file structure-v1.cif (mmCIF, C-alpha atoms and all ligand atoms)
data_start
#
loop_
_atom_site.label_atom_id
_atom_site.label_comp_id
_atom_site.auth_asym_id
_atom_site.auth_seq_id
_atom_site.Cartn_x
_atom_site.Cartn_y
_atom_site.Cartn_z
CA MET A 1 -176.71 87.49 23.08
CA LYS A 2 -174.37 86.33 25.79
CA LEU A 3 -175.68 84.66 28.96
CA THR A 4 -173.93 84.47 32.31
CA CYS A 5 -175.47 83.01 35.48
CA TYR A 6 -174.40 82.47 39.06
CA PRO A 7 -175.89 81.27 42.37
CA PHE A 8 -176.45 83.59 45.33
CA ASP A 9 -177.93 83.15 48.82
CA LEU A 10 -180.42 85.77 50.01
CA LEU A 11 -180.10 86.21 53.78
CA PHE A 12 -183.15 87.31 55.77
CA SER A 13 -183.16 89.99 58.44
CA GLU A 14 -185.20 87.58 60.62
CA VAL A 15 -186.75 84.12 60.59
CA PHE A 16 -189.67 83.73 58.16
CA ALA A 17 -192.13 80.95 59.00
CA VAL A 18 -195.14 79.63 57.06
CA SER A 19 -197.23 76.49 57.66
CA SER A 20 -194.64 74.15 56.09
CA ASN A 21 -191.26 75.57 57.14
CA ALA A 22 -189.25 78.27 58.89
CA ARG A 23 -186.03 79.65 57.41
CA THR A 24 -183.51 82.49 57.38
CA SER A 25 -182.33 82.38 53.76
CA THR A 26 -183.38 81.49 50.21
CA GLU A 27 -181.29 80.19 47.34
CA VAL A 28 -181.46 82.17 44.10
CA ILE A 29 -179.72 82.32 40.70
CA TYR A 30 -179.00 85.56 38.87
CA VAL A 31 -178.69 85.72 35.09
CA GLU A 32 -177.17 88.49 32.99
CA LEU A 33 -177.90 88.75 29.28
CA THR A 34 -175.84 91.11 27.16
CA TYR A 35 -176.97 92.46 23.81
CA LYS A 36 -174.90 95.21 22.15
CA ASN A 37 -174.26 97.76 24.94
CA PHE A 38 -177.21 96.63 27.05
CA THR A 39 -177.34 94.20 29.97
CA GLY A 40 -180.60 92.63 31.12
CA TYR A 41 -180.86 91.02 34.56
CA GLY A 42 -183.08 88.20 35.80
CA GLU A 43 -183.57 86.08 38.92
CA ALA A 44 -184.72 82.57 39.81
CA SER A 45 -185.73 81.86 43.42
CA PHE A 46 -185.92 78.47 45.15
CA PRO A 47 -187.91 78.38 48.39
CA PRO A 48 -187.52 74.91 49.96
CA TYR A 49 -191.14 73.86 49.36
CA MET A 50 -190.72 74.15 45.58
CA LYS A 51 -190.02 70.98 43.63
CA GLU A 52 -187.51 72.84 41.47
CA LYS A 53 -183.93 72.75 42.78
CA ARG A 54 -181.21 75.34 42.27
CA ASN A 55 -178.40 73.03 41.16
CA LEU A 56 -180.51 71.46 38.40
CA ASN A 57 -181.80 74.84 37.22
CA LEU A 58 -178.24 76.17 37.14
CA ALA A 59 -177.15 73.17 35.04
CA PHE A 60 -180.08 73.82 32.66
CA LEU A 61 -179.08 77.49 32.29
CA LYS A 62 -175.46 76.55 31.60
CA LYS A 63 -176.61 74.30 28.73
CA LEU A 64 -178.50 77.12 26.99
CA ASP A 65 -176.85 78.66 23.93
CA LEU A 66 -178.48 82.05 23.43
CA THR A 67 -175.76 83.19 20.98
CA ARG A 68 -177.94 81.52 18.32
CA PHE A 69 -180.52 84.32 18.78
CA GLU A 70 -179.83 87.71 17.26
CA SER A 71 -181.75 89.85 19.72
CA PRO A 72 -184.05 89.86 22.75
CA PHE A 73 -186.95 90.61 20.38
CA GLU A 74 -187.12 86.86 19.74
CA ILE A 75 -188.71 86.03 23.10
CA LYS A 76 -191.21 83.65 21.49
CA ASN A 77 -188.45 81.73 19.64
CA ILE A 78 -186.29 81.66 22.78
CA TRP A 79 -189.19 80.14 24.77
CA GLU A 80 -189.65 77.47 22.06
CA TYR A 81 -185.94 76.69 22.22
CA MET A 82 -185.94 76.49 26.04
CA ASP A 83 -189.03 74.25 26.08
CA GLN A 84 -187.48 71.98 23.44
CA MET A 85 -184.34 71.71 25.57
CA SER A 86 -186.41 70.47 28.48
CA ALA A 87 -189.83 70.72 30.11
CA GLY A 88 -189.88 72.24 33.59
CA TYR A 89 -187.06 74.43 34.95
CA LEU A 90 -189.61 77.26 35.21
CA PRO A 91 -187.57 79.35 37.70
CA ALA A 92 -184.57 79.26 35.30
CA LYS A 93 -186.83 80.13 32.35
CA CYS A 94 -188.37 82.89 34.49
CA ALA A 95 -184.90 84.39 35.07
CA ILE A 96 -184.24 84.41 31.31
CA ASP A 97 -187.70 85.87 30.60
CA ILE A 98 -187.18 88.71 33.11
CA ALA A 99 -183.74 89.49 31.64
CA LEU A 100 -185.21 89.54 28.10
CA HIS A 101 -187.97 91.96 29.17
CA ASP A 102 -185.39 94.10 30.98
CA LEU A 103 -183.46 94.31 27.70
CA LEU A 104 -186.60 95.18 25.70
CA GLY A 105 -187.28 98.20 27.90
CA LYS A 106 -183.65 99.28 28.01
CA ILE A 107 -183.38 99.14 24.21
CA ALA A 108 -186.67 101.05 23.80
CA GLY A 109 -185.69 103.57 26.47
CA LEU A 110 -188.91 102.93 28.42
CA PRO A 111 -190.00 101.40 31.73
CA LEU A 112 -191.46 98.01 30.84
CA ASN A 113 -194.98 98.91 32.07
CA LYS A 114 -195.12 101.76 29.55
CA GLN A 115 -193.71 99.60 26.78
CA LEU A 116 -196.37 96.94 27.45
CA GLY A 117 -199.15 99.53 27.66
CA LEU A 118 -199.72 98.69 31.33
CA TYR A 119 -198.84 102.07 32.80
CA SER A 120 -201.48 103.30 35.23
CA ASN A 121 -201.51 106.41 37.39
CA LYS A 122 -203.86 104.64 39.79
CA PRO A 123 -201.90 103.91 43.01
CA ILE A 124 -201.01 100.23 43.42
CA GLU A 125 -201.21 99.05 47.03
CA THR A 126 -199.21 96.07 48.19
CA THR A 127 -199.86 93.99 51.28
CA PHE A 128 -197.31 93.43 54.05
CA THR A 129 -196.94 89.74 54.93
CA ILE A 130 -196.71 88.61 58.55
CA GLY A 131 -195.29 85.10 59.02
CA ILE A 132 -196.05 82.62 61.79
CA GLY A 133 -194.59 83.41 65.22
CA ASN A 134 -195.29 84.20 68.85
CA SER A 135 -197.13 87.29 70.06
CA GLU A 136 -193.91 89.37 70.39
CA PHE A 137 -193.05 88.48 66.81
CA ILE A 138 -196.54 89.48 65.60
CA GLU A 139 -196.29 92.82 67.43
CA ARG A 140 -192.83 93.46 65.94
CA GLN A 141 -194.20 92.75 62.46
CA LEU A 142 -197.21 95.01 63.07
CA HIS A 143 -194.81 97.79 63.99
CA LYS A 144 -192.86 97.17 60.75
CA SER A 145 -196.09 97.14 58.74
CA ALA A 146 -197.04 100.65 59.91
CA PRO A 147 -196.70 102.27 56.44
CA PHE A 148 -198.82 99.57 54.76
CA LYS A 149 -202.58 99.84 54.31
CA LYS A 150 -203.28 96.09 53.99
CA LEU A 151 -201.83 92.94 55.58
CA LYS A 152 -201.52 89.27 54.65
CA ILE A 153 -201.32 86.95 57.66
CA LYS A 154 -199.78 83.48 57.41
CA LEU A 155 -201.63 80.84 59.40
CA GLY A 156 -201.24 77.05 59.63
CA ALA A 157 -202.65 73.77 60.93
CA ASP A 158 -203.04 74.85 64.58
CA LEU A 159 -206.58 76.23 64.91
CA ILE A 160 -205.92 77.61 68.41
CA TYR A 161 -202.83 79.51 67.23
CA ASN A 162 -204.82 80.82 64.27
CA LYS A 163 -207.65 82.15 66.42
CA ILE A 164 -205.39 83.67 69.10
CA THR A 165 -203.22 85.33 66.45
CA ILE A 166 -206.13 86.90 64.56
CA GLU A 167 -207.82 88.07 67.78
CA HIS A 168 -204.50 89.57 68.89
CA LEU A 169 -204.11 91.26 65.50
CA LYS A 170 -207.66 92.66 65.60
CA SER A 171 -206.99 94.14 69.04
CA LYS A 172 -203.96 96.01 67.67
CA THR A 173 -205.00 97.19 64.20
CA THR A 174 -208.04 98.08 62.11
CA LYS A 175 -206.22 97.47 58.82
CA PRO A 176 -207.89 95.14 56.31
CA PHE A 177 -206.17 91.77 55.98
CA GLY A 178 -206.19 88.51 54.03
CA VAL A 179 -205.05 85.11 55.32
CA ASP A 180 -202.73 82.59 53.63
CA PHE A 181 -202.68 79.00 54.92
CA ASN A 182 -200.09 77.73 52.41
CA GLN A 183 -202.02 74.39 52.26
CA GLY A 184 -201.72 74.17 56.06
CA LEU A 185 -205.18 72.96 57.18
CA ALA A 186 -205.72 69.21 57.50
CA ASN A 187 -209.27 68.79 56.19
CA LYS A 188 -212.43 70.54 55.05
CA GLU A 189 -213.94 70.50 58.56
CA ASP A 190 -211.01 72.55 59.89
CA ALA A 191 -211.25 74.76 56.82
CA ILE A 192 -214.92 75.58 57.32
CA GLU A 193 -214.35 76.23 61.04
CA MET A 194 -211.58 78.67 60.12
CA ILE A 195 -213.63 80.30 57.36
CA THR A 196 -216.54 80.88 59.76
CA PHE A 197 -214.19 82.38 62.35
CA LEU A 198 -212.30 84.52 59.82
CA ASN A 199 -215.53 85.78 58.30
CA SER A 200 -216.56 87.02 61.75
CA MET A 201 -213.19 88.79 61.94
CA GLY A 202 -213.78 90.57 58.61
CA VAL A 203 -211.05 88.88 56.57
CA LEU A 204 -210.80 89.99 52.90
CA TYR A 205 -209.85 86.63 51.37
CA ILE A 206 -208.38 83.23 52.20
CA GLU A 207 -205.52 81.72 50.26
CA GLN A 208 -204.92 77.99 49.70
CA PRO A 209 -206.47 76.64 52.93
CA LEU A 210 -205.95 72.97 51.99
CA PRO A 211 -203.30 70.90 50.19
CA GLU A 212 -203.63 70.86 46.41
CA SER A 213 -204.20 67.07 46.62
CA LEU A 214 -207.60 67.64 48.32
CA LEU A 215 -209.01 69.07 45.11
CA ASP A 216 -212.67 68.07 45.50
CA ASN A 217 -212.83 69.79 48.89
CA PHE A 218 -212.12 73.11 47.22
CA LEU A 219 -215.31 72.89 45.18
CA TRP A 220 -217.30 72.24 48.37
CA LEU A 221 -215.50 75.02 50.26
CA LYS A 222 -216.04 77.57 47.50
CA ASP A 223 -219.75 76.80 47.63
CA GLN A 224 -219.88 77.18 51.44
CA SER A 225 -217.56 80.14 51.91
CA PRO A 226 -218.78 83.75 52.15
CA ILE A 227 -215.13 84.81 51.70
CA PRO A 228 -213.31 84.59 48.33
CA ILE A 229 -210.85 81.67 48.20
CA PHE A 230 -207.66 82.14 46.17
CA GLY A 231 -205.59 79.22 44.90
CA ASP A 232 -201.82 79.56 45.00
CA GLU A 233 -199.99 76.22 45.26
CA SER A 234 -202.78 74.60 43.16
CA PHE A 235 -201.90 76.77 40.16
CA GLN A 236 -198.63 76.81 38.29
CA THR A 237 -199.32 77.13 34.57
CA ALA A 238 -202.10 78.21 32.21
CA ALA A 239 -203.19 74.57 31.88
CA ASP A 240 -203.95 74.51 35.63
CA ILE A 241 -206.33 77.46 35.20
CA ILE A 242 -208.30 75.64 32.49
CA ARG A 243 -208.49 72.56 34.74
CA LEU A 244 -209.22 74.27 38.07
CA HIS A 245 -210.91 77.61 37.49
CA THR A 246 -214.29 76.44 38.83
CA TYR A 247 -212.71 75.35 42.14
CA PHE A 248 -211.53 78.80 43.25
CA ASP A 249 -212.66 82.44 43.26
CA GLY A 250 -209.20 83.76 42.49
CA ILE A 251 -205.64 82.84 41.58
CA ASN A 252 -202.28 83.94 42.94
CA ILE A 253 -199.89 84.31 39.98
CA LYS A 254 -196.14 84.49 40.69
CA LEU A 255 -193.38 84.94 38.13
CA MET A 256 -191.30 82.14 39.71
CA LYS A 257 -194.07 79.57 39.52
CA CYS A 258 -195.18 80.21 35.96
CA GLY A 259 -191.99 81.20 34.11
CA GLY A 260 -191.79 84.98 34.16
CA ILE A 261 -193.54 87.99 32.65
CA SER A 262 -194.55 86.31 29.36
CA LYS A 263 -196.34 83.49 31.15
CA ALA A 264 -197.84 85.66 33.91
CA LEU A 265 -199.45 87.91 31.26
CA GLU A 266 -200.84 84.85 29.47
CA MET A 267 -202.20 83.40 32.73
CA ALA A 268 -203.71 86.70 33.88
CA SER A 269 -205.58 87.02 30.60
CA ILE A 270 -206.95 83.47 30.73
CA ALA A 271 -207.89 83.70 34.43
CA LYS A 272 -209.66 87.04 34.01
CA ASN A 273 -211.64 85.72 31.04
CA LEU A 274 -212.73 82.75 33.15
CA GLY A 275 -213.99 85.07 35.89
CA LEU A 276 -211.22 84.58 38.46
CA LYS A 277 -209.97 87.42 40.66
CA LEU A 278 -206.28 88.10 40.10
CA MET A 279 -203.59 88.31 42.75
CA LEU A 280 -199.94 89.03 41.92
CA GLY A 281 -197.60 87.42 44.44
CA CYS A 282 -193.93 86.64 44.83
CA MET A 283 -191.58 84.27 46.64
CA ALA A 284 -188.79 85.46 48.91
CA GLU A 285 -186.87 87.21 46.15
CA SER A 286 -184.59 90.21 45.80
CA SER A 287 -185.61 93.57 44.34
CA CYS A 288 -184.71 92.16 40.90
CA ALA A 289 -187.67 89.77 40.49
CA VAL A 290 -190.07 91.72 42.74
CA THR A 291 -189.55 94.92 40.73
CA ALA A 292 -189.94 92.99 37.46
CA ALA A 293 -193.31 91.70 38.71
CA SER A 294 -194.39 95.23 39.67
CA GLN A 295 -194.26 96.20 35.98
CA ILE A 296 -197.46 94.22 35.33
CA ALA A 297 -199.17 94.95 38.68
CA SER A 298 -201.85 97.24 37.19
CA LEU A 299 -203.57 94.13 35.76
CA PHE A 300 -204.23 92.62 39.22
CA ASP A 301 -206.96 93.02 41.87
CA GLU A 302 -204.64 92.19 44.79
CA VAL A 303 -200.89 92.79 44.87
CA ASP A 304 -198.54 91.11 47.33
CA LEU A 305 -195.03 92.18 46.35
CA ASP A 306 -193.09 92.38 49.58
CA GLY A 307 -190.74 89.39 49.22
CA ASN A 308 -187.67 91.63 49.03
CA LEU A 309 -188.37 93.50 52.27
CA ILE A 310 -187.01 90.71 54.46
CA VAL A 311 -183.76 90.39 52.46
CA ALA A 312 -180.72 91.78 54.29
CA ASN A 313 -178.22 91.46 51.41
CA ASP A 314 -180.28 92.53 48.38
CA PRO A 315 -177.93 92.91 45.39
CA PHE A 316 -180.49 95.08 43.54
CA THR A 317 -182.39 98.32 44.15
CA GLY A 318 -185.84 98.65 42.62
CA ILE A 319 -189.35 99.61 43.69
CA GLN A 320 -189.79 101.45 46.96
CA ILE A 321 -192.95 101.15 49.03
CA ILE A 322 -194.19 104.51 50.31
CA ASP A 323 -197.22 104.44 52.62
CA GLY A 324 -198.09 100.98 51.31
CA ILE A 325 -198.12 102.17 47.69
CA ILE A 326 -195.67 100.84 45.13
CA SER A 327 -193.70 103.84 44.06
CA ALA A 328 -192.68 103.19 40.46
CA ASN A 329 -189.43 104.64 39.20
CA GLU A 330 -188.75 105.82 35.68
CA LEU A 331 -185.85 103.46 35.05
CA ASN A 332 -185.85 101.80 31.64
CA GLY A 333 -186.56 98.07 31.49
CA CYS A 334 -187.78 96.21 34.56
CA GLY A 335 -187.01 99.12 36.90
CA PHE A 336 -184.08 97.84 38.98
CA VAL A 337 -180.36 98.54 39.13
CA LYS A 338 -177.65 96.17 40.28
CA ASN A 339 -175.96 97.65 43.36
MG MG A 401 -199.66 81.91 49.03
#
call {"tool": "encode", "arguments": {"input": "structure-v1.cif", "output": "structure tokens"}}
result
Amino acid sequence: MKLTCYPFDLLFSEVFAVSSNARTSTEVIYVELTYKNFTGYGEASFPPYMKEKRNLNLAFLKKLDLTRFESPFEIKNIWEYMDQMSAGYLPAKCAIDIALHDLLGKIAGLPLNKQLGLYSNKPIETTFTIGIGNSEFIERQLHKSAPFKKLKIKLGADLIYNKITIEHLKSKTTKPFGVDFNQGLANKEDAIEMITFLNSMGVLYIEQPLPESLLDNFLWLKDQSPIPIFGDESFQTAADIIRLHTYFDGINIKLMKCGGISKALEMASIAKNLGLKLMLGCMAESSCAVTAASQIASLFDEVDLDGNLIVANDPFTGIQIIDGIISANELNGCGFVKN
């Protein structure tokens, strides 16, 4: 198998702000793996709050020699080889893992969800994410979210902003919504104040209200909260689930955090067996990685795969969202085509 990789900058159609940063672009790497007449594609994304950096992941990818493997059917051996090369570099490994799964489906002549036995005719709803911004911004986003049945609202450290924004939202829509703090609240007192308020507003769930460093507070919060609390930044790998599963009600699994489809499947199985609710999320990514993630979406209780919708220069075409439902296509492999 032959590997090529190159950097690319995804440009956003407008500013996207969460509790830690606001930005108008995201750095990614694309990989292309060729095997016989087939080409598999993969993507690694690098939002600024991630510890992983693009230049180092690109250097790691350029050191890989995948010509030593006969076919993409050796995913397990390829993972062993990558992990022996170096620990970490999970976005780069994710890109390889997506490309390998894309090849598997293309060789088999099947969409990956069917090949993995994860096909479901049950409609899969995805949430529409609304970032942090002023009231005009929120209204513009609400207008954009019209086809979606569920929303995810980003909030942060400012309790007044949080309350005004949710009250504004509730005056404009009756759609169910979850809230993601991206570790934004300062302490457990602020968290419980927000949880009490959000419960009165009918919120579905709360995601990562506090920094991962305030671990013990999560145990206390889970005990106090009438609303399910999902961990996102606190979880990266399967080992984190074993360590932290009693601290949260649910887990947000993202291909970029954990290392792709192989690892997300492993984590979903462990988390479900330990009684956690499952959310499938994404970073700001193009239709390449978002569509790859959609192939395993039937395993999850909550799906948040809208990271590609803000991208103005998406080099791939994949899933379409129709009336808030992920409309799967019948393309072989991960379900995307390079434009
Ligand atoms: Mg999150």
call {"tool": "closest_atom_pairs", "arguments": {"input": "structure-v1.cif", "of": "chain A", "to": "ligand MG 401 (chain A)", "cutoff": "9 Å", "atoms": "all atoms listed in the file", "output": "Markdown table"}}
result
| residue | atom | partner | partner_atom | distance |
| --- | --- | --- | --- | --- |
| A:Lys154 | CA | A:MG401 | MG | 8.5 |
| A:Val179 | CA | A:MG401 | MG | 8.9 |
| A:Asp180 | CA | A:MG401 | MG | 5.6 |
| A:Phe181 | CA | A:MG401 | MG | 7.2 |
| A:Asn182 | CA | A:MG401 | MG | 5.4 |
| A:Gln183 | CA | A:MG401 | MG | 8.5 |
| A:Glu207 | CA | A:MG401 | MG | 6.0 |
| A:Gln208 | CA | A:MG401 | MG | 6.6 |
| A:Phe230 | CA | A:MG401 | MG | 8.5 |
| A:Gly231 | CA | A:MG401 | MG | 7.7 |
| A:Asp232 | CA | A:MG401 | MG | 5.1 |
| A:Glu233 | CA | A:MG401 | MG | 6.8 |
| A:Asn252 | CA | A:MG401 | MG | 6.9 |
| A:Gly281 | CA | A:MG401 | MG | 7.5 |
| A:Cys282 | CA | A:MG401 | MG | 8.5 |
| A:Met283 | CA | A:MG401 | MG | 8.8 |
call {"tool": "closest_residue", "arguments": {"input": "structure-v1.cif", "among": "A:Leu305, A:Lys272, A:Leu221, A:Leu3", "to": "Lys152 of chain A", "atoms": "all atoms listed in the file"}}
result
A:Leu305
call {"tool": "atom_distance", "arguments": {"input": "structure-v1.cif", "atom1": "atom CA of Cys258 of chain A", "atom2": "atom CA of Asn308 of chain A"}}
result
18.9 Å
call {"tool": "residues_around", "arguments": {"input": "structure-v1.cif", "residues": "Lys2 of chain A", "least_positions_apart": "5", "cutoff": "7 Å", "atoms": "all atoms listed in the file", "output": "JSON list (two decimals) with C-alpha atoms, in the coordinates of the input"}}
result
[["chain", "number", "residue", "atom", "x", "y", "z"],
["A", 33, "LEU", "CA", -177.90, 88.75, 29.28],
["A", 34, "THR", "CA", -175.84, 91.11, 27.16],
["A", 35, "TYR", "CA", -176.97, 92.46, 23.81],
["A", 66, "LEU", "CA", -178.48, 82.05, 23.43],
["A", 67, "THR", "CA", -175.76, 83.19, 20.98]]
call {"tool": "residues_near_point", "arguments": {"input": "structure-v1.cif", "point": "(-199.9, 96.5, 45.5)", "cutoff": "10 Å", "atoms": "all atoms listed in the file", "output": "PyMOL selection string"}}
result
chain A and resi 123-128+148-150+279-281+294+297-298+300-306+321+324-327
call {"tool": "write_last_selection", "arguments": {"input": "structure-v1.cif", "atoms": "C-alpha atoms", "output": "compact mmCIF listing (two decimals), in the frame of the given file"}}
result
# COMPACT_ATOMS: atom_id res chain seq x y z
CA PRO A 123 -201.90 103.91 43.01
CA ILE A 124 -201.01 100.23 43.42
CA GLU A 125 -201.21 99.05 47.03
CA THR A 126 -199.21 96.07 48.19
CA THR A 127 -199.86 93.99 51.28
CA PHE A 128 -197.31 93.43 54.05
CA PHE A 148 -198.82 99.57 54.76
CA LYS A 149 -202.58 99.84 54.31
CA LYS A 150 -203.28 96.09 53.99
CA MET A 279 -203.59 88.31 42.75
CA LEU A 280 -199.94 89.03 41.92
CA GLY A 281 -197.60 87.42 44.44
CA SER A 294 -194.39 95.23 39.67
CA ALA A 297 -199.17 94.95 38.68
CA SER A 298 -201.85 97.24 37.19
CA PHE A 300 -204.23 92.62 39.22
CA ASP A 301 -206.96 93.02 41.87
CA GLU A 302 -204.64 92.19 44.79
CA VAL A 303 -200.89 92.79 44.87
CA ASP A 304 -198.54 91.11 47.33
CA LEU A 305 -195.03 92.18 46.35
CA ASP A 306 -193.09 92.38 49.58
CA ILE A 321 -192.95 101.15 49.03
CA GLY A 324 -198.09 100.98 51.31
CA ILE A 325 -198.12 102.17 47.69
CA ILE A 326 -195.67 100.84 45.13
CA SER A 327 -193.70 103.84 44.06
call {"tool": "decode", "arguments": {"input": "structure-v1.cif", "residues": "segment 164-245 of chain A", "atoms": "C-alpha atoms", "output": "JSON list (two decimals), in the first residue's frame"}}
result
[["chain", "number", "residue", "atom", "x", "y", "z"],
["A", 164, "ILE", "CA", -29.68, 35.24, 28.86],
["A", 165, "THR", "CA", -28.76, 33.03, 25.90],
["A", 166, "ILE", "CA", -30.87, 30.06, 27.02],
["A", 167, "GLU", "CA", -33.85, 32.29, 27.90],
["A", 168, "HIS", "CA", -33.53, 33.94, 24.48],
["A", 169, "LEU", "CA", -33.36, 30.51, 22.83],
["A", 170, "LYS", "CA", -36.41, 29.25, 24.73],
["A", 171, "SER", "CA", -38.39, 32.30, 23.60],
["A", 172, "LYS", "CA", -37.62, 31.47, 19.95],
["A", 173, "THR", "CA", -37.83, 27.68, 19.72],
["A", 174, "THR", "CA", -39.42, 24.65, 21.34],
["A", 175, "LYS", "CA", -36.77, 22.27, 20.01],
["A", 176, "PRO", "CA", -35.05, 19.99, 22.54],
["A", 177, "PHE", "CA", -31.44, 20.96, 23.26],
["A", 178, "GLY", "CA", -28.31, 19.90, 25.12],
["A", 179, "VAL", "CA", -25.60, 22.21, 26.46],
["A", 180, "ASP", "CA", -21.81, 21.90, 26.06],
["A", 181, "PHE", "CA", -19.56, 23.95, 28.37],
["A", 182, "ASN", "CA", -16.26, 22.67, 26.92],
["A", 183, "GLN", "CA", -14.77, 22.74, 30.47],
["A", 184, "GLY", "CA", -15.82, 26.40, 30.72],
["A", 185, "LEU", "CA", -17.23, 26.71, 34.27],
["A", 186, "ALA", "CA", -14.85, 27.72, 37.04],
["A", 187, "ASN", "CA", -16.03, 25.56, 39.96],
["A", 188, "LYS", "CA", -18.68, 23.18, 41.23],
["A", 189, "GLU", "CA", -20.76, 26.01, 42.75],
["A", 190, "ASP", "CA", -21.15, 27.63, 39.31],
["A", 191, "ALA", "CA", -21.83, 24.19, 37.85],
["A", 192, "ILE", "CA", -24.66, 23.40, 40.24],
["A", 193, "GLU", "CA", -26.17, 26.86, 39.73],
["A", 194, "MET", "CA", -26.13, 26.25, 35.97],
["A", 195, "ILE", "CA", -27.49, 22.72, 36.31],
["A", 196, "THR", "CA", -30.42, 23.96, 38.43],
["A", 197, "PHE", "CA", -31.16, 26.70, 35.90],
["A", 198, "LEU", "CA", -30.80, 24.41, 32.88],
["A", 199, "ASN", "CA", -33.00, 21.77, 34.47],
["A", 200, "SER", "CA", -35.74, 24.39, 34.82],
["A", 201, "MET", "CA", -35.26, 25.14, 31.10],
["A", 202, "GLY", "CA", -35.72, 21.46, 30.16],
["A", 203, "VAL", "CA", -32.20, 20.75, 28.90],
["A", 204, "LEU", "CA", -31.57, 17.17, 27.69],
["A", 205, "TYR", "CA", -27.98, 16.80, 28.89],
["A", 206, "ILE", "CA", -24.91, 18.78, 29.94],
["A", 207, "GLU", "CA", -21.48, 18.16, 28.47],
["A", 208, "GLN", "CA", -18.15, 18.68, 30.27],
["A", 209, "PRO", "CA", -19.18, 21.54, 32.61],
["A", 210, "LEU", "CA", -15.80, 21.67, 34.39],
["A", 211, "PRO", "CA", -12.12, 21.25, 33.45],
["A", 212, "GLU", "CA", -10.92, 17.66, 33.40],
["A", 213, "SER", "CA", -8.47, 18.56, 36.21],
["A", 214, "LEU", "CA", -11.40, 19.01, 38.66],
["A", 215, "LEU", "CA", -12.10, 15.29, 38.58],
["A", 216, "ASP", "CA", -13.51, 14.81, 42.09],
["A", 217, "ASN", "CA", -16.12, 17.52, 41.45],
["A", 218, "PHE", "CA", -17.61, 15.41, 38.68],
["A", 219, "LEU", "CA", -18.47, 12.64, 41.12],
["A", 220, "TRP", "CA", -20.25, 15.16, 43.36],
["A", 221, "LEU", "CA", -22.02, 16.80, 40.40],
["A", 222, "LYS", "CA", -23.23, 13.50, 38.99],
["A", 223, "ASP", "CA", -24.76, 12.71, 42.37],
["A", 224, "GLN", "CA", -26.49, 16.12, 42.58],
["A", 225, "SER", "CA", -27.59, 16.55, 38.97],
["A", 226, "PRO", "CA", -31.06, 15.59, 37.71],
["A", 227, "ILE", "CA", -29.66, 15.99, 34.17],
["A", 228, "PRO", "CA", -27.27, 13.43, 32.58],
["A", 229, "ILE", "CA", -23.67, 14.71, 32.47],
["A", 230, "PHE", "CA", -21.52, 13.65, 29.51],
["A", 231, "GLY", "CA", -17.72, 13.75, 29.60],
["A", 232, "ASP", "CA", -15.91, 14.86, 26.46],
["A", 233, "GLU", "CA", -12.50, 16.41, 27.13],
["A", 234, "SER", "CA", -12.07, 14.02, 30.12],
["A", 235, "PHE", "CA", -12.12, 10.99, 27.82],
["A", 236, "GLN", "CA", -9.67, 10.19, 25.08],
["A", 237, "THR", "CA", -8.94, 6.47, 25.08],
["A", 238, "ALA", "CA", -10.45, 3.22, 26.37],
["A", 239, "ALA", "CA", -8.20, 3.43, 29.44],
["A", 240, "ASP", "CA", -9.94, 6.71, 30.41],
["A", 241, "ILE", "CA", -13.31, 4.93, 30.39],
["A", 242, "ILE", "CA", -12.07, 2.26, 32.81],
["A", 243, "ARG", "CA", -10.67, 5.01, 35.07],
["A", 244, "LEU", "CA", -13.56, 7.49, 34.88],
["A", 245, "HIS", "CA", -16.79, 5.69, 34.08]]
